[in-house]
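Below is one structure, written out as C-alpha cells, with a few remarks after it.
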Amino acid sequence: MNNSIVTNILLVGVGGQGILVAAEIIAEALMLAGFDVKKSEVHGMAQRGGSVVSHVRYGEKVYSPIIPEGETDILLGFELLEAYRYLPLLKRDGKIVVNNLKINPLTVSIGQEAYPEGLSDRINHFFPDGRMVDGVALAKLAGNVKTANTVLLGALSRLCGIDEKFWVSAIERMVPGKTLAVNRKAFELGRSS
Amino acid sequence: MKEILSGNEAVARGAYEAGVKVASGYPGTPSTEILENVIRYENIDASWAPNEKVALEVAIGASIGGGRALATMKHVGVNVAADPLFTLSYTGIKGGLVLVTADDPELHSSQNEQDNRNYAKFAKIPMLEPSDSQECLDFTRLAFEISESFDTPVMLRTTTRISHSKSVTITNDPVSILPAPKLERNASKYVMLPGNARVRHTIIEERLKKLAAYAETLEINRSEMRDLSIGVITSGISYQYVRETLPDASVLKLGMVYPLPLKSIREFAGRVKVLYVVEELDPFIEEQIRASGITVIGKEILPICGELTPGRVKKAFGIASSEMQTSVQLPARPPNMCPGCPHRSVFYALHKSGAYVTGDIGCYTLGFMPPLSAMDTCICMGAGIGNATGITKVLKPDEQKKVVAVIGDSTFLHSGMTALLDMVYNNSPSTVILLDNRITAMTGRQENPASGFTLMGQESFQVDFAELVKSLGVRNVRKVDPYDFDDTMLAITEEMDRPETSVIITNRPCVLIKRTGVFKRGTPQKVDPETCTGCKACVKIGCPAIIWQTDSGLKGKAVIDPQFCTGCKVCTQLCKFLAIKGNK
C-alpha cells in the first residue's frame, strides 16, 4: 500500500490560537526536508472562537489532503477540551502533545454547561505517553505570550524526524521579522521541554 | 519555483501566469482568497464588486474589450451571476474569460450545498475541475486557452477541500505576449436581441459538439490502468480519496467534467470488470454515463449529501475504517460573535423585544445562536428585507409590528437595496436594521463601498447609508450607537411600533478592522465581586469575555477576562447593581 508511509498530523484548538500559522510552518518545514506535503483546513469561522482543525500529511506521495478517519499519527492539541474531542481520530499507537490550557466554550462561560473535569488524566489514560506542555508559561518565558503556538511546534518537532534546520528555515520564512527572535526562542523552549 | 500553495493561491498564480488583465469577484467562503492573492501580482486590475452579477459583468466587459478576465465567487454567488452567465454563453468572449465557482460540499460555511457542475451543462459551457493546487494553477492557464480556442467562457470548479488545502506546486513564468486590448464593434455577437441570439444558439450547440470531441483528446482526461477488476471514474477531490483508499483500482480521471469524453468513458468501461463513478454531491457524471447506455454504480453506494472523505469512500466499498468510538458528550464549540462586536446589543434588544427577525448572510447570522437566539429566517444574501415585506402582507397589524429585518452593510449593498426599495414603494410597515460595521466581516474583513477602500488598497468614497436609504424613499431613518443599549432598545421598540417602513442604522465598526483609527478599543471592564449578586444579567448577552464562575458566592459570579474585553460597556449598562466598572 503506497499510503502506509504517509505520516498524519492533526492540529486542533480554538480560533485565534495561531493554529493555521503553525500548520503552515509544519508544512513548509516538511517540504524543505523533501517530502510531499498536503495541508487542509476550513477557513471562514476560524476567528470567532470556534473549534479549529488542521490536517498536515507528509510522505513520499500524499493523495488525500484530509487524514483518513482514525489514522492520525500525531495529535497536536492547543487546548485540552479540543484535544480530547479529537482523540477518536488518533491511532491507538499514536502520539499526542497537548497544551495544558483550558479555554471555555461560550456555553461554559455563560454557565449553561460545565467544562469537563480531569481531561489531562483522561487523555493520559488512553495515551500514557501523551505529553502535556505548558505552552503559555514557556511562551511568557520566551518573551511573548502569543508564541505559545511556536512552543507547541517545538514540542512537536522532535516527533517528525527531520533536521532542526528545516524548522528554523520554515519559521524564518513564515514569521514576521520583528517577532522572529522571540519565536525562535519559543521554538527552542518547546523543543527542549 | 516550488511552493506550498492553497488551491486559491494557485488559481491566483495561474491567472497571473495566463496574463489576466482584470479580476473581479465578491467575497464568499471558500473563494475569497483567490482575489486576495491576485493583488500580489503586477498588471492585474483586481476589484471587489458589490455582488457576483456585477463581478461577472465587469469580467465580461474586460473580455469584450479584448483582455483576459477572471471572475471569482462561491457556489451560491453563481446564482446571483446566473443572468449574465447564461447569455455570456451565447455571446462567447474576445479575451479569455474564466469563472471560478468555489463549491462548499458539507456546508462548512454556506446555506446550501448545491453542485455547480450543473451550471456547466445548463449554460452549455465547458467546466474544468482540479484535484490539487498544481492542477488549480495548470487548469486555470488551460481554461484561458480553451476559452479563446472555442470562443466560450470556461468555468473552473473548486470545492472547499481544494480551495483551502495546500500542496506542493511548481510555478512557471507568465505567458509572453497576448494581443493588446482595443475597441472593436461586433454587434451581432454581443447584442443579444432575439434575431442575433437565435443565430448564436445554433453556434453554441455546434461549439458543444466540438468541445466534446476535444474532451476525447484532452490530456487532463486520463486513464490510469491498474487492476482491471475495479474501474473508477472520478474527478476533483474525489480522485484523491479514490487513490488513497483504492490504490490498486484503475481510474479514469476527468479534468474536464463537462462536456464528458463519452467515447473514452465507453472504452474505459469496456476494459474494466465493474465500473464505478465516485463523485461528491449530485450524480452529475453518473447520470450522463447511464444515459449513454453504460452500466455504472454510483449513488447506490455513495452519499449524495455532504462531502466525501477517505472514510466515506472506504465505507462505500466495504473497506473497514479504524475510527475509535467515543460516547462522551462534550460541550460544543461553535463560532460566536467577538467580544465587543457591535451586533451583540442589537440582537439582545431584538431578543428582549420579542421581534420576529428576518435575517440573511453575515456575521450577524450568529445572532441565531443561543443565548441571543434572535433570528427567525435566513435564506440568502439580501433576503431578510424581501422576506419581511412578504410576511407583513399576510399578518394582522398587531403581528406586523413584530417583523424586523436585519442586514449588514456589505449584504445591503450586495442585494438589499432593491428589496428596501420594494418595501418602501409597496408600503410595508416593517423595520429594517442596517448593521453597518464598515467591512465585509464574515469572510475575513474585505473592503466594500462602506469601508472607503478598494481591494487594491486605494482610498475611495464611503457610502452614506442614511442618504442612500432616504433617496430610496424611506422617511423614517435613524442612527443609533449600538454600544448605547438603552438608546438601541428605544429605537427598536419605537420603530417596530411605527406603521410604516423605517430604517435604523448602527454606527460602530467591526472590532477586527486593523486599519488605525477605525475601531478604538475602550477600557476593559471589571466585575466587583463584592457588589456582584450573581443575577446573570450580563451573561445573557453571550459575550465570550464574560465568564460565569459557578463556585463563587452563593449563586456564582461573573468575571471579565481583561485580555478579551474591548470595553464596549454593554454589559456595564445591563448591571443594575453597578458591579461592572472600568478596570483601572
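Here, A, B, ... name the chains of the C-alpha cells in the order displayed, residue numbers run from 1 inside each chain, and ligands are numbered from 1 in the same displayed order.
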Report the closest atom pair, with its distance in Å rounded to one decimal, for each residue of chain B that has an atom no farther than 8 Å from chain A; count only C-alpha atoms, sort by chain and then rising residue number, and write it as a Markdown table.
```
| residue | atom | partner | partner_atom | distance |
| --- | --- | --- | --- | --- |
| B:Ile4 | CA | A:Glu28 | CA | 7.0 |
| B:Thr29 | CA | A:Gly44 | CA | 6.2 |
| B:Pro30 | CA | A:His43 | CA | 7.4 |
| B:His108 | CA | A:Val42 | CA | 7.2 |
| B:Ser109 | CA | A:Gly44 | CA | 6.7 |
| B:Thr160 | CA | A:Val42 | CA | 7.2 |
| B:Arg161 | CA | A:Ser40 | CA | 6.8 |
| B:His164 | CA | A:Ser40 | CA | 6.1 |
| B:Ser165 | CA | A:Ser40 | CA | 4.1 |
| B:Lys166 | CA | A:Lys39 | CA | 5.0 |
| B:Ser167 | CA | A:Lys38 | CA | 4.6 |
| B:Val168 | CA | A:Val37 | CA | 6.5 |
| B:Ile237 | CA | A:Ser64 | CA | 7.7 |
| B:Gln240 | CA | A:Ser64 | CA | 4.8 |
| B:Tyr241 | CA | A:Ser64 | CA | 5.4 |
| B:Arg243 | CA | A:Tyr63 | CA | 6.5 |
| B:Glu244 | CA | A:Tyr63 | CA | 5.8 |
| B:Pro247 | CA | A:Met1 | CA | 7.0 |
| B:Thr309 | CA | A:Pro68 | CA | 7.2 |
| B:Pro310 | CA | A:Pro68 | CA | 5.1 |
| B:Gly311 | CA | A:Glu69 | CA | 5.7 |
| B:Ser321 | CA | A:Glu69 | CA | 6.9 |
| B:Ser322 | CA | A:Gly70 | CA | 5.0 |
| B:Glu323 | CA | A:Gly70 | CA | 4.1 |
| B:Met324 | CA | A:Pro88 | CA | 4.8 |
| B:Gln325 | CA | A:Pro88 | CA | 6.3 |
| B:Thr326 | CA | A:Pro88 | CA | 6.6 |
| B:Leu330 | CA | A:Arg85 | CA | 7.2 |
| B:Pro331 | CA | A:Glu113 | CA | 6.8 |
| B:Ala332 | CA | A:Pro105 | CA | 7.1 |
| B:Arg333 | CA | A:Gly50 | CA | 5.3 |
| B:Pro334 | CA | A:Gly50 | CA | 4.8 |
| B:Pro335 | CA | A:Gly50 | CA | 3.9 |
| B:Asn336 | CA | A:Arg48 | CA | 5.5 |
| B:Met337 | CA | A:Arg48 | CA | 6.3 |
| B:Cys338 | CA | A:Arg48 | CA | 6.0 |
| B:Met442 | CA | A:Gly44 | CA | 6.8 |
| B:Thr443 | CA | A:Gly44 | CA | 5.5 |
| B:Gly444 | CA | A:Gly44 | CA | 6.8 |
| B:Val539 | CA | A:Ile110 | CA | 5.4 |
| B:Lys540 | CA | A:Ile110 | CA | 7.4 |
| B:Gly542 | CA | A:Ile110 | CA | 6.7 |
| B:Cys543 | CA | A:Leu106 | CA | 7.7 |
| B:Pro544 | CA | A:Leu106 | CA | 5.9 |
| B:Ile546 | CA | A:Ser109 | CA | 6.5 |
| B:Ile547 | CA | A:Ser109 | CA | 4.3 |
| B:Trp548 | CA | A:Ser109 | CA | 5.2 |
| B:Gln549 | CA | A:Gly111 | CA | 7.5 |
| B:Thr550 | CA | A:Gly111 | CA | 7.1 |
```
Generate the output file for the selected residues, N, CA and C atoms, as a short mmCIF file (atom, residue, chain, number, x, y, z; two decimals), in the first residue's frame.
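Written out: again.cif:
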```cif
data_model
loop_
_atom_site.label_atom_id
_atom_site.label_comp_id
_atom_site.auth_asym_id
_atom_site.auth_seq_id
_atom_site.Cartn_x
_atom_site.Cartn_y
_atom_site.Cartn_z
N ILE B 4 4.47 25.76 -1.45
CA ILE B 4 3.23 25.14 -0.97
C ILE B 4 2.13 26.17 -1.13
N THR B 29 -16.84 32.35 1.19
CA THR B 29 -16.09 31.16 1.53
C THR B 29 -16.58 30.00 0.67
N PRO B 30 -15.73 29.24 0.02
CA PRO B 30 -14.27 29.23 0.13
C PRO B 30 -13.52 29.94 -1.02
N HIS B 108 -19.61 23.84 5.03
CA HIS B 108 -18.74 24.33 6.10
C HIS B 108 -19.07 25.77 6.44
N SER B 109 -19.46 26.55 5.44
CA SER B 109 -19.75 27.96 5.68
C SER B 109 -20.73 28.47 4.61
N THR B 160 -14.36 23.25 -1.27
CA THR B 160 -13.65 23.72 -0.07
C THR B 160 -12.33 22.99 0.14
N ARG B 161 -12.32 21.67 -0.06
CA ARG B 161 -11.10 20.89 0.21
C ARG B 161 -10.01 21.14 -0.83
N HIS B 164 -9.04 25.29 0.04
CA HIS B 164 -8.38 25.53 1.34
C HIS B 164 -7.36 24.47 1.72
N SER B 165 -7.00 23.60 0.79
CA SER B 165 -5.90 22.67 1.06
C SER B 165 -4.66 23.21 0.38
N LYS B 166 -3.52 22.95 1.00
CA LYS B 166 -2.26 23.37 0.38
C LYS B 166 -1.50 22.14 -0.09
N SER B 167 -0.86 22.27 -1.23
CA SER B 167 0.01 21.19 -1.68
C SER B 167 1.14 21.78 -2.50
N VAL B 168 2.17 20.97 -2.70
CA VAL B 168 3.38 21.44 -3.35
C VAL B 168 3.06 21.75 -4.81
N ILE B 237 -11.56 16.52 -5.95
CA ILE B 237 -11.02 15.99 -4.69
C ILE B 237 -11.32 14.50 -4.57
N GLN B 240 -8.51 12.12 -5.26
CA GLN B 240 -7.52 11.89 -4.19
C GLN B 240 -8.01 10.82 -3.21
N TYR B 241 -9.31 10.85 -2.91
CA TYR B 241 -9.85 9.86 -1.97
C TYR B 241 -9.83 8.46 -2.59
N ARG B 243 -7.63 7.40 -4.89
CA ARG B 243 -6.23 6.93 -4.88
C ARG B 243 -5.80 6.52 -3.48
N GLU B 244 -6.32 7.23 -2.48
CA GLU B 244 -5.97 6.95 -1.09
C GLU B 244 -6.54 5.60 -0.63
N PRO B 247 -5.98 2.03 -3.85
CA PRO B 247 -4.74 2.31 -4.58
C PRO B 247 -4.52 1.41 -5.80
N THR B 309 -15.15 11.73 2.15
CA THR B 309 -13.91 11.67 2.92
C THR B 309 -13.30 10.32 2.59
N PRO B 310 -12.03 10.10 2.93
CA PRO B 310 -11.49 8.75 2.71
C PRO B 310 -12.36 7.69 3.41
N GLY B 311 -12.83 7.99 4.61
CA GLY B 311 -13.64 7.02 5.36
C GLY B 311 -14.97 6.72 4.66
N SER B 321 -12.80 0.85 8.35
CA SER B 321 -12.14 2.06 8.79
C SER B 321 -11.74 1.86 10.24
N SER B 322 -10.69 2.59 10.68
CA SER B 322 -10.18 2.31 12.02
C SER B 322 -10.58 3.36 13.06
N GLU B 323 -11.75 3.96 12.86
CA GLU B 323 -12.15 5.01 13.81
C GLU B 323 -12.53 4.44 15.18
N MET B 324 -12.01 5.07 16.24
CA MET B 324 -12.38 4.67 17.59
C MET B 324 -13.76 5.23 17.92
N GLN B 325 -14.43 4.59 18.82
CA GLN B 325 -15.75 5.08 19.22
C GLN B 325 -15.62 5.90 20.50
N THR B 326 -16.42 6.95 20.62
CA THR B 326 -16.45 7.68 21.87
C THR B 326 -17.90 7.96 22.19
N LEU B 330 -19.53 16.11 24.91
CA LEU B 330 -18.66 17.22 25.27
C LEU B 330 -19.34 18.54 24.90
N PRO B 331 -19.04 19.61 25.64
CA PRO B 331 -19.59 20.91 25.23
C PRO B 331 -19.12 21.25 23.82
N ALA B 332 -20.06 21.66 22.96
CA ALA B 332 -19.68 22.02 21.60
C ALA B 332 -18.99 23.39 21.61
N ARG B 333 -18.29 23.69 20.52
CA ARG B 333 -17.62 24.99 20.47
C ARG B 333 -17.93 25.64 19.12
N PRO B 334 -19.17 26.10 18.96
CA PRO B 334 -19.49 26.79 17.71
C PRO B 334 -18.87 28.18 17.70
N PRO B 335 -18.75 28.79 16.50
CA PRO B 335 -18.23 30.16 16.47
C PRO B 335 -19.26 31.11 17.10
N ASN B 336 -18.79 32.22 17.61
CA ASN B 336 -19.73 33.21 18.13
C ASN B 336 -19.23 34.62 17.84
N MET B 337 -20.10 35.59 18.10
CA MET B 337 -19.70 36.99 17.88
C MET B 337 -18.53 37.33 18.78
N CYS B 338 -17.61 38.12 18.26
CA CYS B 338 -16.41 38.50 19.01
C CYS B 338 -16.77 39.35 20.23
N MET B 442 -17.62 38.64 7.75
CA MET B 442 -17.70 37.18 7.92
C MET B 442 -16.62 36.44 7.14
N THR B 443 -16.32 36.93 5.96
CA THR B 443 -15.36 36.23 5.11
C THR B 443 -13.92 36.66 5.42
N GLY B 444 -13.74 37.51 6.43
CA GLY B 444 -12.37 37.86 6.83
C GLY B 444 -12.00 39.30 6.53
N VAL B 539 -24.44 37.87 31.60
CA VAL B 539 -24.07 36.69 30.79
C VAL B 539 -25.11 36.42 29.69
N LYS B 540 -26.29 37.07 29.81
CA LYS B 540 -27.34 36.81 28.82
C LYS B 540 -27.00 37.35 27.43
N GLY B 542 -24.19 36.79 25.98
CA GLY B 542 -23.33 35.82 25.30
C GLY B 542 -21.99 36.38 24.86
N CYS B 543 -21.37 37.20 25.72
CA CYS B 543 -20.05 37.74 25.36
C CYS B 543 -18.96 36.77 25.83
N PRO B 544 -18.05 36.35 24.93
CA PRO B 544 -17.01 35.40 25.32
C PRO B 544 -16.06 35.95 26.39
N ILE B 546 -17.02 37.41 29.12
CA ILE B 546 -17.65 37.28 30.45
C ILE B 546 -17.72 35.80 30.81
N ILE B 547 -17.09 35.48 31.94
CA ILE B 547 -17.02 34.08 32.36
C ILE B 547 -17.83 33.91 33.64
N TRP B 548 -18.68 32.92 33.62
CA TRP B 548 -19.52 32.64 34.79
C TRP B 548 -18.79 31.66 35.69
N GLN B 549 -18.59 32.08 36.95
CA GLN B 549 -17.90 31.19 37.90
C GLN B 549 -18.92 30.61 38.86
N THR B 550 -19.23 29.34 38.65
CA THR B 550 -20.28 28.70 39.45
C THR B 550 -19.89 28.57 40.92
#
```
Mind listing the strand (DSSP E) residues of segment 3-64 of chain A, per DSSP on the backbone, as an mmCIF file with N, CA and C atoms, in the first residue's frame?
```
data_model
loop_
_atom_site.group_PDB
_atom_site.id
_atom_site.type_symbol
_atom_site.label_atom_id
_atom_site.label_comp_id
_atom_site.auth_asym_id
_atom_site.auth_seq_id
_atom_site.Cartn_x
_atom_site.Cartn_y
_atom_site.Cartn_z
ATOM 1 N N THR A 7 2.704 10.102 6.970
ATOM 2 C CA THR A 7 2.521 10.439 8.379
ATOM 3 C C THR A 7 1.484 11.544 8.489
ATOM 4 N N ASN A 8 0.602 11.405 9.461
ATOM 5 C CA ASN A 8 -0.535 12.313 9.595
ATOM 6 C C ASN A 8 -0.501 13.089 10.902
ATOM 7 N N ILE A 9 -0.502 14.411 10.799
ATOM 8 C CA ILE A 9 -0.524 15.264 11.990
ATOM 9 C C ILE A 9 -1.826 16.040 12.011
ATOM 10 N N LEU A 10 -2.540 15.956 13.113
ATOM 11 C CA LEU A 10 -3.787 16.715 13.246
ATOM 12 C C LEU A 10 -3.592 17.796 14.308
ATOM 13 N N LEU A 11 -3.832 19.047 13.930
ATOM 14 C CA LEU A 11 -3.735 20.158 14.875
ATOM 15 C C LEU A 11 -5.149 20.584 15.246
ATOM 16 N N VAL A 12 -5.419 20.651 16.551
ATOM 17 C CA VAL A 12 -6.774 21.046 16.969
ATOM 18 C C VAL A 12 -6.687 22.097 18.061
ATOM 19 N N GLY A 13 -7.660 22.979 18.093
ATOM 20 C CA GLY A 13 -7.684 24.017 19.118
ATOM 21 C C GLY A 13 -8.837 24.973 18.879
ATOM 22 N N VAL A 14 -8.634 26.207 19.326
ATOM 23 C CA VAL A 14 -9.698 27.200 19.293
ATOM 24 C C VAL A 14 -9.274 28.352 18.381
ATOM 25 N N ASP A 36 6.664 15.178 0.058
ATOM 26 C CA ASP A 36 5.399 15.666 -0.491
ATOM 27 C C ASP A 36 4.525 15.998 0.723
ATOM 28 N N VAL A 37 3.873 17.140 0.680
ATOM 29 C CA VAL A 37 3.091 17.592 1.837
ATOM 30 C C VAL A 37 1.723 18.061 1.377
ATOM 31 N N LYS A 38 0.703 17.748 2.148
ATOM 32 C CA LYS A 38 -0.603 18.380 1.936
ATOM 33 C C LYS A 38 -1.141 18.831 3.281
ATOM 34 N N LYS A 39 -1.913 19.903 3.216
ATOM 35 C CA LYS A 39 -2.415 20.513 4.442
ATOM 36 C C LYS A 39 -3.825 20.962 4.143
ATOM 37 N N SER A 40 -4.721 20.744 5.083
ATOM 38 C CA SER A 40 -6.114 21.112 4.810
ATOM 39 C C SER A 40 -6.804 21.632 6.052
ATOM 40 N N GLU A 41 -7.595 22.647 5.859
ATOM 41 C CA GLU A 41 -8.432 23.131 6.954
ATOM 42 C C GLU A 41 -9.579 23.918 6.339
ATOM 43 N N SER A 51 -14.199 25.867 17.128
ATOM 44 C CA SER A 51 -13.263 24.759 17.086
ATOM 45 C C SER A 51 -12.506 24.795 15.746
ATOM 46 N N VAL A 52 -11.181 24.683 15.788
ATOM 47 C CA VAL A 52 -10.380 24.739 14.559
ATOM 48 C C VAL A 52 -9.569 23.448 14.417
ATOM 49 N N VAL A 53 -9.570 22.902 13.219
ATOM 50 C CA VAL A 53 -8.857 21.656 12.935
ATOM 51 C C VAL A 53 -8.022 21.853 11.681
ATOM 52 N N SER A 54 -6.766 21.451 11.729
ATOM 53 C CA SER A 54 -5.945 21.490 10.523
ATOM 54 C C SER A 54 -5.244 20.143 10.342
ATOM 55 N N HIS A 55 -5.267 19.662 9.120
ATOM 56 C CA HIS A 55 -4.633 18.378 8.804
ATOM 57 C C HIS A 55 -3.311 18.640 8.077
ATOM 58 N N VAL A 56 -2.224 17.982 8.506
ATOM 59 C CA VAL A 56 -0.975 18.026 7.743
ATOM 60 C C VAL A 56 -0.548 16.587 7.479
ATOM 61 N N ARG A 57 -0.278 16.269 6.218
ATOM 62 C CA ARG A 57 0.130 14.907 5.865
ATOM 63 C C ARG A 57 1.422 14.975 5.068
ATOM 64 N N TYR A 58 2.371 14.082 5.360
ATOM 65 C CA TYR A 58 3.605 14.099 4.583
ATOM 66 C C TYR A 58 4.131 12.695 4.352
ATOM 67 N N GLY A 59 4.870 12.553 3.276
ATOM 68 C CA GLY A 59 5.432 11.262 2.903
ATOM 69 C C GLY A 59 6.008 11.387 1.512
#
```
Can you list every residue in segment 59-151 of chain A that DSSP puts in helix (DSSP H, G or I), as JSON, numbers by chain? {"A": [80, 81, 82, 83, 84, 85, 87, 88, 89, 106, 107, 108, 109, 119, 120, 121, 122, 123, 124, 125, 126, 135, 136, 137, 138, 139, 140, 141, 142, 145, 146, 147, 148, 149, 150, 151]}
Would you mind exporting N, CA, C and O atoms of the selected residues as a short mmCIF file (atom, residue, chain, number, x, y, z; two decimals), in the first residue's frame?
```cif
data_model
loop_
_atom_site.label_atom_id
_atom_site.label_comp_id
_atom_site.auth_asym_id
_atom_site.auth_seq_id
_atom_site.Cartn_x
_atom_site.Cartn_y
_atom_site.Cartn_z
N LEU A 80 -7.17 21.72 25.88
CA LEU A 80 -7.47 20.40 26.43
C LEU A 80 -8.77 19.80 25.90
O LEU A 80 -8.79 18.64 25.46
N LEU A 81 -9.85 20.57 25.95
CA LEU A 81 -11.13 20.02 25.51
C LEU A 81 -11.10 19.64 24.03
O LEU A 81 -11.62 18.60 23.63
N GLU A 82 -10.46 20.49 23.23
CA GLU A 82 -10.38 20.19 21.80
C GLU A 82 -9.51 18.95 21.55
O GLU A 82 -9.83 18.13 20.69
N ALA A 83 -8.41 18.83 22.30
CA ALA A 83 -7.57 17.63 22.16
C ALA A 83 -8.39 16.39 22.49
O ALA A 83 -8.37 15.39 21.77
N TYR A 84 -9.17 16.47 23.56
CA TYR A 84 -9.96 15.33 23.99
C TYR A 84 -11.05 15.00 22.96
O TYR A 84 -11.31 13.84 22.66
N ARG A 85 -11.65 16.06 22.40
CA ARG A 85 -12.71 15.88 21.42
C ARG A 85 -12.23 15.07 20.21
O ARG A 85 -12.96 14.27 19.66
N LEU A 87 -9.59 12.96 20.11
CA LEU A 87 -8.86 11.73 20.41
C LEU A 87 -9.29 10.54 19.55
O LEU A 87 -8.46 9.73 19.15
N PRO A 88 -10.60 10.39 19.25
CA PRO A 88 -11.00 9.21 18.46
C PRO A 88 -10.38 9.16 17.08
O PRO A 88 -10.40 8.11 16.44
N LEU A 89 -9.83 10.27 16.61
CA LEU A 89 -9.22 10.26 15.28
C LEU A 89 -7.77 9.76 15.32
O LEU A 89 -7.15 9.54 14.29
N LEU A 106 -18.46 29.06 24.81
CA LEU A 106 -19.44 30.05 25.27
C LEU A 106 -20.48 29.45 26.22
O LEU A 106 -20.84 30.06 27.22
N THR A 107 -20.91 28.23 25.91
CA THR A 107 -21.92 27.60 26.77
C THR A 107 -21.41 27.41 28.19
O THR A 107 -22.18 27.41 29.15
N VAL A 108 -20.08 27.24 28.32
CA VAL A 108 -19.48 27.11 29.65
C VAL A 108 -19.33 28.49 30.29
O VAL A 108 -19.68 28.69 31.46
N SER A 109 -18.89 29.48 29.49
CA SER A 109 -18.73 30.85 30.01
C SER A 109 -20.02 31.38 30.61
O SER A 109 -20.01 32.11 31.58
N LEU A 119 -9.46 16.30 32.27
CA LEU A 119 -9.22 15.91 30.88
C LEU A 119 -7.80 15.40 30.65
O LEU A 119 -7.59 14.45 29.90
N SER A 120 -6.82 16.02 31.33
CA SER A 120 -5.44 15.57 31.09
C SER A 120 -5.26 14.13 31.60
O SER A 120 -4.58 13.32 30.95
N ASP A 121 -5.92 13.79 32.72
CA ASP A 121 -5.85 12.40 33.20
C ASP A 121 -6.53 11.45 32.22
O ASP A 121 -6.02 10.36 31.95
N ARG A 122 -7.67 11.90 31.69
CA ARG A 122 -8.39 11.02 30.75
C ARG A 122 -7.56 10.80 29.48
O ARG A 122 -7.54 9.70 28.95
N ILE A 123 -6.89 11.88 29.03
CA ILE A 123 -6.05 11.73 27.84
C ILE A 123 -4.90 10.76 28.14
O ILE A 123 -4.61 9.86 27.36
N ASN A 124 -4.30 10.93 29.32
CA ASN A 124 -3.19 10.05 29.71
C ASN A 124 -3.64 8.61 29.88
O ASN A 124 -2.87 7.67 29.68
N HIS A 125 -4.91 8.43 30.26
CA HIS A 125 -5.44 7.09 30.43
C HIS A 125 -5.42 6.35 29.08
O HIS A 125 -5.02 5.19 29.00
N PHE A 126 -5.84 7.04 28.03
CA PHE A 126 -5.85 6.42 26.69
C PHE A 126 -4.45 6.39 26.08
O PHE A 126 -4.09 5.46 25.37
N GLY A 135 2.35 25.55 27.39
CA GLY A 135 2.67 26.46 26.28
C GLY A 135 2.68 27.92 26.70
O GLY A 135 3.55 28.69 26.29
N VAL A 136 1.70 28.31 27.51
CA VAL A 136 1.58 29.71 27.89
C VAL A 136 2.78 30.14 28.74
O VAL A 136 3.40 31.19 28.50
N ALA A 137 3.14 29.31 29.74
CA ALA A 137 4.26 29.66 30.62
C ALA A 137 5.57 29.74 29.83
O ALA A 137 6.36 30.69 30.00
N LEU A 138 5.77 28.78 28.93
CA LEU A 138 7.02 28.79 28.14
C LEU A 138 7.04 29.97 27.18
O LEU A 138 8.09 30.56 26.92
N ALA A 139 5.86 30.33 26.64
CA ALA A 139 5.80 31.47 25.73
C ALA A 139 6.13 32.76 26.48
O ALA A 139 6.84 33.63 25.97
N LYS A 140 5.65 32.87 27.71
CA LYS A 140 5.98 34.04 28.54
C LYS A 140 7.48 34.09 28.78
O LYS A 140 8.11 35.15 28.72
N LEU A 141 8.04 32.91 29.05
CA LEU A 141 9.49 32.82 29.29
C LEU A 141 10.27 33.26 28.04
O LEU A 141 11.31 33.92 28.12
N ALA A 142 9.71 32.92 26.87
CA ALA A 142 10.36 33.31 25.61
C ALA A 142 10.25 34.82 25.39
O ALA A 142 11.03 35.40 24.64
N VAL A 145 3.60 36.05 25.15
CA VAL A 145 2.60 35.02 25.43
C VAL A 145 1.95 34.51 24.14
O VAL A 145 1.45 33.39 24.08
N LYS A 146 2.00 35.33 23.09
CA LYS A 146 1.38 34.92 21.83
C LYS A 146 2.18 33.87 21.07
O LYS A 146 1.75 33.40 20.02
N THR A 147 3.36 33.50 21.56
CA THR A 147 4.16 32.49 20.85
C THR A 147 3.90 31.08 21.37
O THR A 147 4.68 30.16 21.08
N ALA A 148 2.81 30.89 22.13
CA ALA A 148 2.50 29.54 22.62
C ALA A 148 2.40 28.55 21.47
O ALA A 148 2.79 27.38 21.61
N ASN A 149 1.90 29.00 20.33
CA ASN A 149 1.79 28.08 19.18
C ASN A 149 3.18 27.63 18.72
O ASN A 149 3.37 26.48 18.33
N THR A 150 4.16 28.53 18.80
CA THR A 150 5.52 28.16 18.39
C THR A 150 6.16 27.20 19.41
O THR A 150 6.93 26.32 19.05
N VAL A 151 5.82 27.40 20.69
CA VAL A 151 6.30 26.46 21.72
C VAL A 151 5.81 25.05 21.38
O VAL A 151 6.58 24.08 21.41
#
```
Point-to-point distance in Å for atom CA of Ile304 of chain B and atom CA of Ser223 of chain B: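 Atom-to-atom, atom CA of Ser223 of chain B and atom CA of Ile304 of chain B are spaced 24.8 Å apart.
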